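Enquirer: Dropping in entry_36.txt, which is compact mmCIF, C-alpha atoms and all ligand atoms:
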# COMPACT_ATOMS: atom_id res chain seq x y z
CA MET V 1 -5.67 4.88 20.12
CA SER V 2 -8.36 5.46 17.53
CA LEU V 3 -10.01 8.90 17.51
CA ALA V 4 -13.65 9.69 16.68
CA ILE V 5 -14.30 11.17 13.23
CA ASN V 6 -16.56 14.20 12.76
CA ILE V 7 -19.40 13.69 10.30
CA ILE V 8 -20.78 16.17 7.75
CA GLY V 9 -23.00 18.67 9.55
CA SER V 10 -20.33 19.34 12.17
CA LYS V 11 -19.33 23.00 12.16
CA ILE V 12 -15.61 22.34 12.55
CA LEU V 13 -15.55 20.70 9.10
CA ARG V 14 -16.60 24.07 7.64
CA GLU V 15 -13.95 26.22 9.35
CA LYS V 16 -10.67 27.37 7.86
CA SER V 17 -7.93 25.74 9.94
CA GLU V 18 -5.02 27.61 11.52
CA ASN V 19 -1.30 27.14 10.97
CA ILE V 20 0.68 25.79 13.92
CA ASP V 21 4.31 26.35 14.92
CA ASN V 22 6.96 24.01 16.26
CA THR V 23 5.84 24.59 19.88
CA TYR V 24 2.55 22.77 19.18
CA PRO V 25 2.36 20.14 21.94
CA ASN V 26 2.71 16.43 21.09
CA LEU V 27 2.43 16.84 17.32
CA VAL V 28 4.22 13.56 16.54
CA GLU V 29 1.91 11.71 18.94
CA LEU V 30 -1.14 13.35 17.36
CA THR V 31 -0.11 12.37 13.83
CA LYS V 32 0.47 8.76 15.00
CA GLU V 33 -3.07 8.71 16.38
CA MET V 34 -4.33 10.12 13.09
CA PHE V 35 -2.60 7.31 11.16
CA THR V 36 -4.09 4.71 13.53
CA THR V 37 -7.57 6.25 13.16
CA MET V 38 -7.24 6.37 9.38
CA HIS V 39 -6.00 2.78 9.10
CA GLU V 40 -8.73 1.41 11.38
CA SER V 41 -11.43 3.16 9.36
CA ASN V 42 -9.87 2.06 6.02
CA GLY V 43 -9.16 5.63 4.90
CA ILE V 44 -6.27 6.82 2.73
CA GLY V 45 -6.20 10.37 4.10
CA LEU V 46 -7.31 12.16 7.27
CA ALA V 47 -7.26 15.87 8.10
CA ALA V 48 -7.11 17.34 11.62
CA PRO V 49 -10.58 19.00 11.48
CA GLN V 50 -12.03 15.53 10.96
CA ILE V 51 -10.80 14.55 14.42
CA GLY V 52 -11.83 17.84 16.00
CA LYS V 53 -8.73 20.00 15.66
CA SER V 54 -8.89 23.14 13.55
CA ILE V 55 -5.19 23.05 12.64
CA ARG V 56 -3.45 22.74 9.27
CA VAL V 57 -2.34 19.12 9.53
CA PHE V 58 -3.25 16.06 7.50
CA VAL V 59 -1.91 12.55 6.95
CA VAL V 60 -1.94 10.41 3.81
CA ASP V 61 -1.21 6.71 3.24
CA THR V 62 -2.10 5.45 -0.23
CA SER V 63 -0.93 1.85 0.38
CA PRO V 64 -4.49 0.35 0.42
CA LEU V 65 -4.85 1.49 -3.22
CA ALA V 66 -1.81 -0.55 -4.28
CA GLU V 67 -3.70 -3.83 -4.03
CA ASP V 68 -5.72 -3.28 -7.22
CA GLU V 69 -2.92 -1.59 -9.17
CA LYS V 70 -1.61 -3.56 -12.15
CA ASP V 71 1.24 -1.20 -13.07
CA GLU V 72 4.21 -2.37 -10.98
CA LYS V 73 5.89 1.04 -10.75
CA LEU V 74 2.70 2.79 -9.63
CA LYS V 75 1.92 -0.08 -7.26
CA LYS V 76 5.26 0.42 -5.49
CA GLU V 77 4.75 4.19 -5.35
CA LEU V 78 1.28 3.82 -3.79
CA LEU V 79 2.56 1.25 -1.33
CA GLU V 80 5.30 3.58 -0.11
CA TYR V 81 3.46 6.91 -0.07
CA LYS V 82 2.93 7.82 3.59
CA ARG V 83 3.21 11.47 4.59
CA VAL V 84 2.41 14.00 7.29
CA PHE V 85 1.61 17.49 5.97
CA VAL V 86 1.90 20.44 8.37
CA ASN V 87 1.02 24.01 7.26
CA PRO V 88 0.82 22.93 3.60
CA ILE V 89 0.44 25.38 0.73
CA ILE V 90 -0.48 24.22 -2.77
CA THR V 91 1.68 26.62 -4.77
CA SER V 92 0.49 25.48 -8.20
CA ARG V 93 -2.14 23.29 -9.82
CA PHE V 94 -1.59 22.16 -13.39
CA GLY V 95 -2.53 19.69 -16.10
CA GLU V 96 -5.94 18.69 -17.31
CA PHE V 97 -8.97 18.22 -15.09
CA VAL V 98 -9.48 14.52 -14.34
CA SER V 99 -12.72 12.99 -13.03
CA MET V 100 -12.55 10.27 -10.43
CA GLU V 101 -14.85 8.85 -7.79
CA GLU V 102 -14.08 10.01 -4.24
CA GLY V 103 -15.31 9.21 -0.78
CA CYS V 104 -14.60 10.68 2.65
CA LEU V 105 -14.61 9.30 6.20
CA SER V 106 -16.68 12.37 7.20
CA VAL V 107 -19.30 11.62 4.52
CA PRO V 108 -19.89 7.87 4.99
CA ASP V 109 -21.46 5.72 2.25
CA ILE V 110 -21.28 8.47 -0.41
CA TYR V 111 -19.07 8.05 -3.49
CA GLU V 112 -19.25 10.71 -6.19
CA THR V 113 -17.24 11.88 -9.18
CA VAL V 114 -15.05 14.94 -8.58
CA ASN V 115 -12.97 16.87 -11.14
CA ARG V 116 -9.51 17.96 -10.06
CA GLU V 117 -6.34 19.13 -11.76
CA GLU V 118 -3.97 16.28 -12.55
CA GLY V 119 -0.93 17.77 -10.84
CA ILE V 120 0.08 20.04 -7.95
CA THR V 121 3.16 21.47 -6.31
CA ILE V 122 2.91 21.56 -2.54
CA GLU V 123 5.14 23.08 0.14
CA TYR V 124 4.79 21.82 3.70
CA TYR V 125 6.55 20.78 6.90
CA ASP V 126 6.72 17.21 8.12
CA GLU V 127 5.91 16.21 11.72
CA ASN V 128 9.46 17.23 12.77
CA PHE V 129 9.07 20.65 11.13
CA VAL V 130 11.42 19.86 8.27
CA PHE V 131 10.44 21.89 5.18
CA LYS V 132 9.56 19.94 2.00
CA THR V 133 8.46 20.66 -1.55
CA GLU V 134 6.83 17.97 -3.69
CA GLU V 135 5.33 17.76 -7.15
CA LEU V 136 2.47 15.27 -7.20
CA HIS V 137 0.54 13.60 -10.00
CA GLY V 138 -2.34 11.17 -10.40
CA ILE V 139 -3.85 9.55 -7.33
CA LYS V 140 -1.36 11.09 -4.88
CA SER V 141 -2.21 14.56 -6.20
CA ARG V 142 -5.92 13.79 -5.86
CA VAL V 143 -5.73 12.49 -2.29
CA VAL V 144 -3.62 15.45 -1.19
CA GLN V 145 -6.00 17.94 -2.85
CA HIS V 146 -8.96 16.29 -1.08
CA GLU V 147 -7.22 16.51 2.33
CA TYR V 148 -6.06 20.08 1.66
CA ASP V 149 -9.69 21.06 0.99
CA HIS V 150 -10.57 19.89 4.52
CA LEU V 151 -8.22 22.58 5.90
CA GLU V 152 -10.21 25.16 3.93
CA GLY V 153 -13.56 23.88 5.22
CA ILE V 154 -14.41 22.27 1.88
CA LEU V 155 -15.90 18.78 1.47
CA PHE V 156 -15.80 16.79 -1.77
CA THR V 157 -19.60 16.92 -1.98
CA ASP V 158 -19.25 20.71 -2.53
CA LYS V 159 -17.44 19.93 -5.78
CA ILE V 160 -19.79 17.48 -7.45
CA ALA V 161 -22.20 18.40 -10.23
CA VAL V 162 -25.11 20.62 -9.12
CA ILE V 163 -27.67 18.04 -10.22
CA ARG V 164 -25.96 15.29 -8.22
CA ARG V 165 -25.78 17.54 -5.17
CA LYS V 166 -29.53 18.21 -5.38
CA LEU V 167 -30.24 14.49 -5.64
CA LEU V 168 -28.02 13.79 -2.63
CA LYS V 169 -29.36 16.57 -0.42
CA ASN V 170 -31.76 14.49 1.68
CA LYS V 171 -29.28 11.68 2.04
CA LEU V 172 -26.61 14.10 3.31
CA VAL V 173 -29.06 15.54 5.85
CA ALA V 174 -29.81 12.00 7.06
CA ILE V 175 -26.09 11.25 7.38
CA SER V 176 -25.54 14.48 9.34
CA ARG V 177 -28.19 13.19 11.79
CA GLY V 178 -26.36 9.90 12.21
CA LYS V 179 -28.46 7.74 9.90
CA PHE V 180 -25.76 5.54 8.38
CA ASN V 181 -23.98 2.28 9.03
CA LYS V 182 -21.29 3.06 11.65
CA ARG V 183 -18.15 1.11 10.85
CA TYR V 184 -15.79 3.31 12.90
CA LYS V 185 -15.90 5.71 15.84
CA VAL V 186 -17.79 8.89 14.86
CA LYS V 187 -19.08 12.15 16.36
CA ILE V 188 -22.30 13.67 15.09
CA GLY V 189 -23.21 17.38 15.08
CA VAL V 190 -20.05 18.78 16.69
CA LYS V 191 -20.32 22.57 17.03
CO CO V 201 -12.26 13.64 3.39
Would you give me this structure, written as C-alpha cells?
Expert:
Amino acid sequence: MSLAINIIGSKILREKSENIDNTYPNLVELTKEMFTTMHESNGIGLAAPQIGKSIRVFVVDTSPLAEDEKDEKLKKELLEYKRVFVNPIITSRFGEFVSMEEGCLSVPDIYETVNREEGITIEYYDENFVFKTEELHGIKSRVVQHEYDHLEGILFTDKIAVIRRKLLKNKLVAISRGKFNKRYKVKIGVK
C-alpha cells in the first residue's frame, strides 16, 4: 500500500524524530510500505516523518540512478544499494564539500544545488535490529545525508544559498498550500 507524503509546511517535517526500540510494532511491514511509497513516487529515499511518523527510520534505494550511469562498477553499486536505516548516527563526515542538485518528495518540483561532504561513516540498525556500520561516498553518501537531515527536521531547501532561498520563498509558500502538480499521494499542512 502506498502512503501519503507530507509536504513542506507540515509541522512534523520540522520535528526532531525519536529513536525506537525492537518492540516497535510492525517495523518490517512499515519499511515495506515506505519502499512501496518511495518506488511509486519515483523517489530514491524516504524518511518516516515524510509519511507522518516522527521516528528515526528511513529507507534508501538508489537503483533508479543506475540507468544514466556510464561507469559499470558504480552502476552495479547503485543498482544494488537498498537499505533500511533505524536509529542511525552519522559518526563522521569527511572529504571535500561537493555541490549537486537535489530534490525531495516533500518539496515537489524544486531542484536546487546543495553542498555536502563527500563521505560519511554511519552506524545504524537494519529492520531486524541488526547493528551495522558503513562508510559511504559519492551519491550514496549524499542520499543518506539528505534522509538523515529529515530525522533532524531539516529540509534540503534550508541548505541552499541564501539568495536562492529568497528567490524561492513565494514558490515554497505556494507548494505548502498545495499549489503543485500532484503525481503521488500527498498530505498538505499536517500539524
Ligand atoms: Co527529502
Enquirer: Write as a ChimeraX atom specification the residues around ligand CO 201 (chain V), taking 9 Å as the cut-off and counting only C-alpha atoms and all ligand atoms.
Expert: /V:43,45-47,50,102-107,143,146-147,149-150,155-156
Enquirer: Check the smallest atom-to-atom distance from each of V:Met1, V:Ala161, V:Glu135, V:Gly95 to Thr36 (chain V) using all atoms listed in the file, then report the winner.
Expert: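 Checking each candidate against Thr36 (chain V), we get V:Met1 as the closest.
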Enquirer: Around the point (-23.7, 12.8, 7.6), in the coordinates given by the file, pick out the residues reaching within 6 Å, counting all atoms listed in the file, and return them as a list in words.
Expert: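 Using all atoms listed in the file, the matching residues come out as Ile7, Ile8, Val107, Leu172, Ile175 and Ser176 of chain V.
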Enquirer: Between CA of Glu134 (chain V) and CA of Tyr81 (chain V), measure the distance and give it in Å to one decimal.
Expert: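 Computing the Euclidean distance for CA of Glu134 (chain V) and CA of Tyr81 (chain V) yields 12.1 Å.
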Enquirer: Extract, using only C-alpha atoms, all DNA, RNA and protein residues at most 9 Å from Ser99 (chain V), discarding same-chain residues fewer than 2 positions from it, and format them as a tab-separated table (two decimals) with C-alpha atoms, in the coordinates of the input.
Expert:
chain	number	residue	atom	x	y	z
V	97	PHE	CA	-8.97	18.22	-15.09
V	101	GLU	CA	-14.85	8.85	-7.79
V	113	THR	CA	-17.24	11.88	-9.18
V	114	VAL	CA	-15.05	14.94	-8.58
V	115	ASN	CA	-12.97	16.87	-11.14
V	116	ARG	CA	-9.51	17.96	-10.06
V	117	GLU	CA	-6.34	19.13	-11.76
Enquirer: Name the closest residue to Glu112 (chain V) among the candidates V:Lys169, V:Lys159, V:Arg56, V:Arg14; distances are taken between atoms, counting only C-alpha atoms.
Expert: V:Lys159
Enquirer: Point out the residue among V:Val190, V:Leu65, V:Leu74, V:Leu168 with the least atom-to-atom distance to Lys53 (chain V), counting all atoms listed in the file.
Expert: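 Among the listed residues, the smallest separation from Lys53 (chain V) belongs to V:Val190.
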Enquirer: Please indicate the distance in Å from CA of Ser92 (chain V) to CA of Gly52 (chain V), rounded to one decimal place.
Expert: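 Atom-to-atom, CA of Ser92 (chain V) to CA of Gly52 (chain V), that is 28.2 Å.
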Enquirer: Which residue is closest to Ser17 (chain V)? Choose from V:Glu123, V:Glu33, V:Glu152, V:Glu72 and count all atoms listed in the file.
Expert: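 Ranking V:Glu123, V:Glu33, V:Glu152, V:Glu72 by distance to Ser17 (chain V), first place goes to V:Glu152.
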Enquirer: Neighbouring residues of region 87-91 of chain V were defined as those with any atom within 7 Å, considering all atoms listed in the file; residues of the same chain fewer than 2 positions away were excluded. Please report them as a count of residues only.
Expert: 11
Enquirer: For the point (-20.4, 7.9, 2.4) in the file's frame, write as a ChimeraX atom specification all residues with an atom no more than 6 Å away, counting all atoms listed in the file.
Expert: /V:107-110
Enquirer: Between V:Gly153, V:Gly189, V:Gly138, V:Pro25, which is the closest to Arg177 (chain V) once you count only C-alpha atoms?
Expert: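 For Arg177 (chain V), the nearest of the candidates is V:Gly189.
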Enquirer: Please write all heavy atoms of region 157-168 of chain V, from the structure given just now, as a tab-separated table (two decimals), in the first residue's frame.
Expert:
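Produced file result_26.tsv, reproduced below:
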chain	number	residue	atom	x	y	z
V	157	THR	N	16.08	22.50	1.25
V	157	THR	CA	15.94	23.92	0.91
V	157	THR	C	16.51	24.83	2.01
V	157	THR	O	16.75	26.01	1.78
V	157	THR	CB	14.46	24.27	0.65
V	157	THR	OG1	13.66	23.63	1.65
V	157	THR	CG2	14.01	23.80	-0.70
V	158	ASP	N	16.73	24.27	3.21
V	158	ASP	CA	17.38	25.04	4.29
V	158	ASP	C	18.86	25.23	3.99
V	158	ASP	O	19.52	26.08	4.59
V	158	ASP	CB	17.29	24.30	5.64
V	158	ASP	CG	15.86	24.00	6.04
V	158	ASP	OD1	14.95	24.63	5.49
V	158	ASP	OD2	15.66	23.12	6.90
V	159	LYS	N	19.39	24.40	3.08
V	159	LYS	CA	20.85	24.35	2.88
V	159	LYS	C	21.30	25.01	1.60
V	159	LYS	O	22.48	24.98	1.27
V	159	LYS	CB	21.30	22.88	2.88
V	159	LYS	CG	21.01	22.19	4.20
V	159	LYS	CD	21.80	20.91	4.35
V	159	LYS	CE	21.98	20.62	5.82
V	159	LYS	NZ	22.84	19.50	6.07
V	160	ILE	N	20.37	25.58	0.85
V	160	ILE	CA	20.76	26.20	-0.41
V	160	ILE	C	21.23	27.63	-0.14
V	160	ILE	O	21.03	28.16	0.95
V	160	ILE	CB	19.60	26.17	-1.44
V	160	ILE	CG1	18.40	27.00	-0.96
V	160	ILE	CG2	19.18	24.73	-1.71
V	160	ILE	CD1	17.24	27.03	-1.95
V	161	ALA	N	21.83	28.24	-1.14
V	161	ALA	CA	22.36	29.60	-0.98
V	161	ALA	C	21.24	30.56	-0.58
V	161	ALA	O	20.11	30.43	-1.04
V	161	ALA	CB	22.99	30.04	-2.30
V	162	VAL	N	21.58	31.51	0.29
V	162	VAL	CA	20.60	32.48	0.82
V	162	VAL	C	19.82	33.18	-0.30
V	162	VAL	O	18.60	33.30	-0.24
V	162	VAL	CB	21.30	33.52	1.72
V	162	VAL	CG1	20.30	34.56	2.23
V	162	VAL	CG2	21.98	32.83	2.89
V	163	ILE	N	20.54	33.57	-1.34
V	163	ILE	CA	19.90	34.28	-2.45
V	163	ILE	C	18.88	33.40	-3.16
V	163	ILE	O	17.78	33.83	-3.49
V	163	ILE	CB	20.96	34.85	-3.44
V	163	ILE	CG1	20.33	35.56	-4.63
V	163	ILE	CG2	21.91	33.79	-3.96
V	163	ILE	CD1	19.96	36.98	-4.35
V	164	ARG	N	19.22	32.13	-3.33
V	164	ARG	CA	18.30	31.18	-3.97
V	164	ARG	C	17.05	30.98	-3.10
V	164	ARG	O	15.93	30.89	-3.59
V	164	ARG	CB	18.97	29.81	-4.19
V	164	ARG	CG	20.02	29.75	-5.28
V	164	ARG	CD	19.48	30.01	-6.67
V	164	ARG	NE	18.33	29.20	-7.04
V	164	ARG	CZ	17.46	29.53	-7.97
V	164	ARG	NH1	17.57	30.66	-8.64
V	164	ARG	NH2	16.45	28.72	-8.24
V	165	ARG	N	17.30	30.91	-1.78
V	165	ARG	CA	16.19	30.68	-0.85
V	165	ARG	C	15.22	31.86	-0.89
V	165	ARG	O	14.01	31.68	-0.87
V	165	ARG	CB	16.73	30.46	0.56
V	165	ARG	CG	15.79	29.63	1.41
V	165	ARG	CD	16.49	28.92	2.55
V	165	ARG	NE	17.14	29.85	3.44
V	165	ARG	CZ	18.39	29.73	3.86
V	165	ARG	NH1	19.13	28.72	3.45
V	165	ARG	NH2	18.90	30.60	4.69
V	166	LYS	N	15.76	33.06	-1.00
V	166	LYS	CA	14.90	34.26	-1.08
V	166	LYS	C	14.07	34.21	-2.35
V	166	LYS	O	12.89	34.51	-2.34
V	166	LYS	CB	15.77	35.53	-1.06
V	166	LYS	CG	16.13	35.91	0.37
V	166	LYS	CD	16.86	37.25	0.40
V	166	LYS	CE	17.26	37.58	1.84
V	166	LYS	NZ	18.46	38.43	1.88
V	167	LEU	N	14.72	33.83	-3.46
V	167	LEU	CA	14.02	33.77	-4.75
V	167	LEU	C	12.92	32.71	-4.74
V	167	LEU	O	11.92	32.83	-5.44
V	167	LEU	CB	15.02	33.47	-5.87
V	167	LEU	CG	15.98	34.61	-6.24
V	167	LEU	CD1	17.10	34.12	-7.14
V	167	LEU	CD2	15.22	35.75	-6.92
V	168	LEU	N	13.13	31.66	-3.95
V	168	LEU	CA	12.19	30.53	-3.94
V	168	LEU	C	11.05	30.71	-2.94
V	168	LEU	O	10.09	29.95	-2.97
V	168	LEU	CB	12.94	29.25	-3.53
V	168	LEU	CG	13.63	28.46	-4.62
V	168	LEU	CD1	14.30	27.24	-3.99
V	168	LEU	CD2	12.63	27.99	-5.67
